[in-house]
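To keep things clear, I will list the structure first and then write my remarks on it.
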Amino acid sequence: MTELVKSPALGDEAPAPEKAVVSATPKQISQWGEIRHRFVQNKLAVVGLCIVTLLFLTAAFGGFIAPYDPQDQDLMNTLASPGGEHLMGTDSLGRDVFSRLIAGTRIAVLVGLASILFAVLIGVLLGAVAGYFARFADPVIMRMADVFLAFPMLIGAMVIILVTGRGITPVIISLAIFSWATVARLLRSSILSVREMDYVHAARALGASGPRIIRKHILPNSLTAVLVYATFNVGTAIIGVAALSFLGAGVPVNIPEWGNMLADGQAYIGIQDHLWMFPSLFVVVTVLGFAFVGDGLRDALDPKLR
């Protein structure tokens with residue numbers, strides 16, 4: 001109600017000026033903004049993101065960072081200790097360890113990302129079909145997934161590589177073949193719950209086809225678990241390629257790769273420990289980086305899991 005006051009000049013009553021009301025409307029935050037905020041709040045996730053970013057930059061610009069050609073040999077300066085001209089020493093052929101580690105980063109990133117990408121593509125396709133057409137396709141696809149899950153990944157990958165021959169491409173294919181089954185199972189379980197939602201029933205009632213419902217309504221709401229798994233499993237794939245190379249069934253020995261460097265350095269344990277310590281450190285830090293990012297994504301995408 002407006003308050004009346006007397007005017008000093010005229011003596012009559014005049015309406016008092018109303019006070020301005022300032023309404024503070026809360027700033028609207030998008031869904032991706034909330035996810036980003038929750039991710040940043042996880043300190044280990046930020047540390048992992050920094051490690052992964054540094055890894056990608058090293059893989060992309062390694063040729064400008066490495067002080068030497070990773071294949072150059074200096075037979076007059078073999079097994080040099082870290083320090084001086086060679087930051088991390090040299091190996092038995094006089095090759096710079098630091099330059100070879102940087103070159104191995106490219107192999108790790110390439111194999112890790114490519115194998116997980118292929119595994120996710122296969123797993124998403126088969127998992128979506130098994131989850132949506134559960135009555136007909138689910139038994140066949142899930143029994144096939146059980147067969148691949150029954151094989152240890154390294155043993156199965158070694159069998160494929162022994163048949164096809166060593167190389168980067170056979171390693172990528174073999175790791176992908178023995179990783180898709182987990183992706184398919186994760187997506188199938190998500191789809192089995194999502195397909196019973198009201199909006200899926202509404203789309204089906206309006207005459208939408210099965211592939212369209214999967215593509216437009218089910219997959220976008222079911223990929224959270226797959227995304228988290230893929231992030232975690234990049235580190236697993238990097239361990240896999242290093243283990244295969246260490247066992248003599250991965251990348252050819254003439255290519256600078258972390259597993260090959262570990263295999264070369266095992267003969268010098270207790271003598272020149274830098275030959276195995278630095279490759280091991282690179283593997284451990286890289287895998288921890290992807291694990292931290294995956295853990296942060298899981299918490300950011302679904303806070304109820306924290």
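Just remember, in the structure tokens the first chain shown is A, the second B, etc., residues are 1-based per chain, and ligands are 1-based in the order shown.
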Proximity of stretch 157-270 of chain A to stretch 118-126 of chain A: per-residue shortest pair, 8 Å limit, only C-alpha atoms, as a tab-separated table:
```
residue	atom	partner	partner_atom	distance
A:Ile173	CA	A:Phe118	CA	7.9
A:Ala176	CA	A:Ala119	CA	4.6
A:Ile177	CA	A:Ala119	CA	6.6
A:Phe178	CA	A:Ala119	CA	8.0
A:Ser179	CA	A:Ala119	CA	5.6
A:Trp180	CA	A:Ala119	CA	4.3
A:Ala181	CA	A:Gly123	CA	6.2
A:Thr182	CA	A:Gly123	CA	7.5
A:Val183	CA	A:Gly123	CA	4.9
A:Ala184	CA	A:Gly123	CA	4.2
A:Arg185	CA	A:Gly123	CA	7.9
A:Leu187	CA	A:Val124	CA	6.6
A:Val226	CA	A:Val120	CA	7.7
A:Ala230	CA	A:Val120	CA	7.3
```
May I have the selected residues written with all heavy atoms, as an mmCIF file, in the first residue's frame?
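Output saved as result.cif:
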```
data_model
loop_
_atom_site.group_PDB
_atom_site.id
_atom_site.type_symbol
_atom_site.label_atom_id
_atom_site.label_comp_id
_atom_site.auth_asym_id
_atom_site.auth_seq_id
_atom_site.Cartn_x
_atom_site.Cartn_y
_atom_site.Cartn_z
ATOM 1 N N ILE A 173 43.929 -54.581 -33.267
ATOM 2 C CA ILE A 173 42.796 -55.453 -33.555
ATOM 3 C C ILE A 173 42.612 -56.495 -32.459
ATOM 4 O O ILE A 173 41.487 -56.752 -32.003
ATOM 5 C CB ILE A 173 42.991 -56.130 -34.931
ATOM 6 C CG1 ILE A 173 42.945 -55.070 -36.043
ATOM 7 C CG2 ILE A 173 41.932 -57.200 -35.163
ATOM 8 C CD1 ILE A 173 43.269 -55.611 -37.415
ATOM 9 N N ALA A 176 41.168 -54.934 -29.309
ATOM 10 C CA ALA A 176 39.765 -54.565 -29.502
ATOM 11 C C ALA A 176 38.857 -55.781 -29.470
ATOM 12 O O ALA A 176 37.757 -55.743 -28.898
ATOM 13 C CB ALA A 176 39.600 -53.816 -30.821
ATOM 14 N N ILE A 177 39.304 -56.884 -30.070
ATOM 15 C CA ILE A 177 38.477 -58.084 -30.128
ATOM 16 C C ILE A 177 38.174 -58.616 -28.740
ATOM 17 O O ILE A 177 37.067 -59.122 -28.476
ATOM 18 C CB ILE A 177 39.170 -59.157 -30.997
ATOM 19 C CG1 ILE A 177 39.091 -58.757 -32.476
ATOM 20 C CG2 ILE A 177 38.555 -60.533 -30.785
ATOM 21 C CD1 ILE A 177 39.830 -59.695 -33.402
ATOM 22 N N PHE A 178 39.140 -58.482 -27.827
ATOM 23 C CA PHE A 178 38.934 -59.016 -26.489
ATOM 24 C C PHE A 178 38.516 -57.941 -25.481
ATOM 25 O O PHE A 178 38.643 -58.144 -24.278
ATOM 26 C CB PHE A 178 40.206 -59.721 -26.012
ATOM 27 C CG PHE A 178 40.465 -61.013 -26.732
ATOM 28 C CD1 PHE A 178 41.299 -61.045 -27.832
ATOM 29 C CD2 PHE A 178 39.841 -62.179 -26.340
ATOM 30 C CE1 PHE A 178 41.521 -62.236 -28.517
ATOM 31 C CE2 PHE A 178 40.053 -63.365 -27.009
ATOM 32 C CZ PHE A 178 40.895 -63.400 -28.110
ATOM 33 N N SER A 179 38.004 -56.816 -25.981
ATOM 34 C CA SER A 179 37.487 -55.764 -25.100
ATOM 35 C C SER A 179 36.030 -55.414 -25.373
ATOM 36 O O SER A 179 35.383 -54.796 -24.520
ATOM 37 C CB SER A 179 38.341 -54.495 -25.235
ATOM 38 O OG SER A 179 39.684 -54.741 -24.885
ATOM 39 N N TRP A 180 35.503 -55.770 -26.542
ATOM 40 C CA TRP A 180 34.157 -55.343 -26.912
ATOM 41 C C TRP A 180 33.084 -55.998 -26.042
ATOM 42 O O TRP A 180 32.015 -55.403 -25.834
ATOM 43 C CB TRP A 180 33.865 -55.659 -28.376
ATOM 44 C CG TRP A 180 33.700 -57.126 -28.667
ATOM 45 C CD1 TRP A 180 34.650 -57.991 -29.083
ATOM 46 C CD2 TRP A 180 32.489 -57.897 -28.540
ATOM 47 N NE1 TRP A 180 34.135 -59.249 -29.226
ATOM 48 C CE2 TRP A 180 32.807 -59.222 -28.904
ATOM 49 C CE3 TRP A 180 31.193 -57.593 -28.167
ATOM 50 C CZ2 TRP A 180 31.860 -60.247 -28.894
ATOM 51 C CZ3 TRP A 180 30.238 -58.607 -28.143
ATOM 52 C CH2 TRP A 180 30.569 -59.917 -28.512
ATOM 53 N N ALA A 181 33.344 -57.205 -25.524
ATOM 54 C CA ALA A 181 32.300 -57.933 -24.801
ATOM 55 C C ALA A 181 31.864 -57.179 -23.545
ATOM 56 O O ALA A 181 30.667 -57.141 -23.227
ATOM 57 C CB ALA A 181 32.803 -59.334 -24.443
ATOM 58 N N THR A 182 32.810 -56.572 -22.836
ATOM 59 C CA THR A 182 32.454 -55.813 -21.638
ATOM 60 C C THR A 182 31.611 -54.595 -21.998
ATOM 61 O O THR A 182 30.646 -54.258 -21.300
ATOM 62 C CB THR A 182 33.720 -55.376 -20.892
ATOM 63 O OG1 THR A 182 34.522 -56.517 -20.603
ATOM 64 C CG2 THR A 182 33.365 -54.670 -19.595
ATOM 65 N N VAL A 183 31.979 -53.916 -23.090
ATOM 66 C CA VAL A 183 31.192 -52.768 -23.549
ATOM 67 C C VAL A 183 29.765 -53.201 -23.889
ATOM 68 O O VAL A 183 28.785 -52.535 -23.517
ATOM 69 C CB VAL A 183 31.862 -52.116 -24.772
ATOM 70 C CG1 VAL A 183 31.007 -50.979 -25.310
ATOM 71 C CG2 VAL A 183 33.244 -51.610 -24.414
ATOM 72 N N ALA A 184 29.630 -54.315 -24.590
ATOM 73 C CA ALA A 184 28.306 -54.795 -24.972
ATOM 74 C C ALA A 184 27.454 -55.117 -23.743
ATOM 75 O O ALA A 184 26.258 -54.811 -23.701
ATOM 76 C CB ALA A 184 28.436 -56.029 -25.869
ATOM 77 N N ARG A 185 28.057 -55.742 -22.749
ATOM 78 C CA ARG A 185 27.298 -56.077 -21.536
ATOM 79 C C ARG A 185 26.864 -54.826 -20.775
ATOM 80 O O ARG A 185 25.739 -54.753 -20.264
ATOM 81 C CB ARG A 185 28.132 -56.984 -20.635
ATOM 82 C CG ARG A 185 28.115 -58.446 -21.064
ATOM 83 C CD ARG A 185 28.612 -59.350 -19.956
ATOM 84 N NE ARG A 185 28.359 -60.736 -20.269
ATOM 85 C CZ ARG A 185 27.211 -61.361 -20.063
ATOM 86 N NH1 ARG A 185 26.179 -60.684 -19.574
ATOM 87 N NH2 ARG A 185 27.062 -62.635 -20.353
ATOM 88 N N LEU A 187 26.339 -51.798 -21.994
ATOM 89 C CA LEU A 187 25.301 -51.089 -22.732
ATOM 90 C C LEU A 187 23.985 -51.865 -22.702
ATOM 91 O O LEU A 187 22.904 -51.266 -22.580
ATOM 92 C CB LEU A 187 25.744 -50.859 -24.179
ATOM 93 C CG LEU A 187 24.842 -49.953 -25.011
ATOM 94 C CD1 LEU A 187 24.814 -48.555 -24.410
ATOM 95 C CD2 LEU A 187 25.307 -49.890 -26.451
ATOM 96 N N VAL A 226 29.403 -46.670 -20.590
ATOM 97 C CA VAL A 226 30.355 -47.010 -21.649
ATOM 98 C C VAL A 226 31.464 -45.963 -21.727
ATOM 99 O O VAL A 226 32.639 -46.294 -21.895
ATOM 100 C CB VAL A 226 29.624 -47.143 -22.994
ATOM 101 C CG1 VAL A 226 30.621 -47.325 -24.137
ATOM 102 C CG2 VAL A 226 28.651 -48.314 -22.955
ATOM 103 N N ALA A 230 35.322 -46.777 -21.177
ATOM 104 C CA ALA A 230 36.299 -46.524 -22.237
ATOM 105 C C ALA A 230 37.469 -45.698 -21.720
ATOM 106 O O ALA A 230 38.636 -45.963 -22.062
ATOM 107 C CB ALA A 230 35.622 -45.817 -23.406
#
```
As a VMD selection string, please: the residues near A:Ser81 (cut-off 12 Å, only C-alpha atoms, same-chain neighbours under 4 positions excluded). chain A and resid 77 85 to 92 94 96 to 98 271 to 275
Save the residues we just selected, N, CA and C atoms, as a PDB file, in the first residue's frame?
```pdb
ATOM      1  N   ASN A  77      79.148 -44.487 -26.493  1.00  0.00           N
ATOM      2  CA  ASN A  77      78.540 -43.950 -25.276  1.00  0.00           C
ATOM      3  C   ASN A  77      77.359 -44.830 -24.863  1.00  0.00           C
ATOM      4  N   GLU A  85      74.621 -34.934 -21.224  1.00  0.00           N
ATOM      5  CA  GLU A  85      73.994 -34.785 -22.528  1.00  0.00           C
ATOM      6  C   GLU A  85      72.731 -35.625 -22.673  1.00  0.00           C
ATOM      7  N   HIS A  86      72.630 -36.695 -21.894  1.00  0.00           N
ATOM      8  CA  HIS A  86      71.482 -37.592 -21.989  1.00  0.00           C
ATOM      9  C   HIS A  86      70.734 -37.558 -20.665  1.00  0.00           C
ATOM     10  N   LEU A  87      69.556 -36.919 -20.689  1.00  0.00           N
ATOM     11  CA  LEU A  87      68.798 -36.672 -19.465  1.00  0.00           C
ATOM     12  C   LEU A  87      68.477 -37.957 -18.722  1.00  0.00           C
ATOM     13  N   MET A  88      68.116 -39.014 -19.458  1.00  0.00           N
ATOM     14  CA  MET A  88      67.763 -40.296 -18.838  1.00  0.00           C
ATOM     15  C   MET A  88      68.710 -41.408 -19.238  1.00  0.00           C
ATOM     16  N   GLY A  89      69.900 -41.043 -19.660  1.00  0.00           N
ATOM     17  CA  GLY A  89      70.922 -42.027 -19.999  1.00  0.00           C
ATOM     18  C   GLY A  89      70.743 -42.611 -21.387  1.00  0.00           C
ATOM     19  N   THR A  90      71.549 -43.628 -21.677  1.00  0.00           N
ATOM     20  CA  THR A  90      71.480 -44.328 -22.963  1.00  0.00           C
ATOM     21  C   THR A  90      71.352 -45.823 -22.718  1.00  0.00           C
ATOM     22  N   ASP A  91      70.934 -46.545 -23.769  1.00  0.00           N
ATOM     23  CA  ASP A  91      70.766 -47.994 -23.632  1.00  0.00           C
ATOM     24  C   ASP A  91      72.008 -48.721 -24.118  1.00  0.00           C
ATOM     25  N   SER A  92      71.883 -50.015 -24.328  1.00  0.00           N
ATOM     26  CA  SER A  92      73.051 -50.832 -24.684  1.00  0.00           C
ATOM     27  C   SER A  92      73.598 -50.518 -26.066  1.00  0.00           C
ATOM     28  N   GLY A  94      73.604 -47.268 -27.184  1.00  0.00           N
ATOM     29  CA  GLY A  94      73.904 -45.848 -27.162  1.00  0.00           C
ATOM     30  C   GLY A  94      72.761 -44.956 -27.594  1.00  0.00           C
ATOM     31  N   ASP A  96      69.415 -42.666 -27.023  1.00  0.00           N
ATOM     32  CA  ASP A  96      68.952 -41.810 -25.941  1.00  0.00           C
ATOM     33  C   ASP A  96      67.630 -42.336 -25.387  1.00  0.00           C
ATOM     34  N   VAL A  97      67.594 -42.632 -24.095  1.00  0.00           N
ATOM     35  CA  VAL A  97      66.410 -43.215 -23.470  1.00  0.00           C
ATOM     36  C   VAL A  97      65.242 -42.229 -23.472  1.00  0.00           C
ATOM     37  N   PHE A  98      65.505 -40.970 -23.175  1.00  0.00           N
ATOM     38  CA  PHE A  98      64.439 -39.977 -23.133  1.00  0.00           C
ATOM     39  C   PHE A  98      63.770 -39.832 -24.492  1.00  0.00           C
ATOM     40  N   ILE A 271      72.165 -53.124 -12.374  1.00  0.00           N
ATOM     41  CA  ILE A 271      73.391 -52.607 -13.007  1.00  0.00           C
ATOM     42  C   ILE A 271      73.151 -51.197 -13.526  1.00  0.00           C
ATOM     43  N   GLN A 272      72.207 -51.081 -14.439  1.00  0.00           N
ATOM     44  CA  GLN A 272      71.783 -49.778 -14.966  1.00  0.00           C
ATOM     45  C   GLN A 272      70.255 -49.724 -14.865  1.00  0.00           C
ATOM     46  N   ASP A 273      69.775 -49.419 -13.658  1.00  0.00           N
ATOM     47  CA  ASP A 273      68.334 -49.508 -13.395  1.00  0.00           C
ATOM     48  C   ASP A 273      67.514 -48.470 -14.143  1.00  0.00           C
ATOM     49  N   HIS A 274      68.155 -47.446 -14.667  1.00  0.00           N
ATOM     50  CA  HIS A 274      67.378 -46.443 -15.391  1.00  0.00           C
ATOM     51  C   HIS A 274      66.758 -47.019 -16.661  1.00  0.00           C
ATOM     52  N   LEU A 275      67.304 -48.121 -17.170  1.00  0.00           N
ATOM     53  CA  LEU A 275      66.789 -48.699 -18.401  1.00  0.00           C
ATOM     54  C   LEU A 275      65.403 -49.312 -18.224  1.00  0.00           C
TER      55      LEU A 275
END
```
Shortest interatomic distance to A:Leu186 - which of A:Phe64, A:Phe148, A:Phe246, A:Tyr229, counting only C-alpha atoms: A:Tyr229
Quick one: pick out all alpha helix (DSSP H) residues within stretch 4-150 of chain A from a backbone DSSP run and write them as an MDAnalysis selection string. chainID A and resid 31:41 43:65 97:132 138:150
Using only C-alpha atoms, which of A:Leu192, A:Leu55, A:Val200, A:Met153 sits nearest A:Ile107?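 Among the listed residues, A:Leu55 lies closest to A:Ile107.
Relative to atom CA of A:Ile116, atom CA of A:Ala45 is found at 20.2 Å.
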Residue contacts of A:Leu110 (12 Å, only C-alpha atoms) excluding same-chain residues fewer than 2 positions away, as a VMD selection string: chain A and resid 55 to 56 59 to 60 103 to 108 112 to 117 168 to 169 171 to 172 234 to 235 237 to 238 241 257
Neighbours of A:Leu219 within 10 Å (only C-alpha atoms; same-chain residues fewer than 4 positions away dropped), as a ChimeraX atom specification? /A:124,128,187,190-191,194-195,213-215,223-224
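The coordinates place atom CA of A:Ala150 at 20.0 Å from atom CA of A:Val163.
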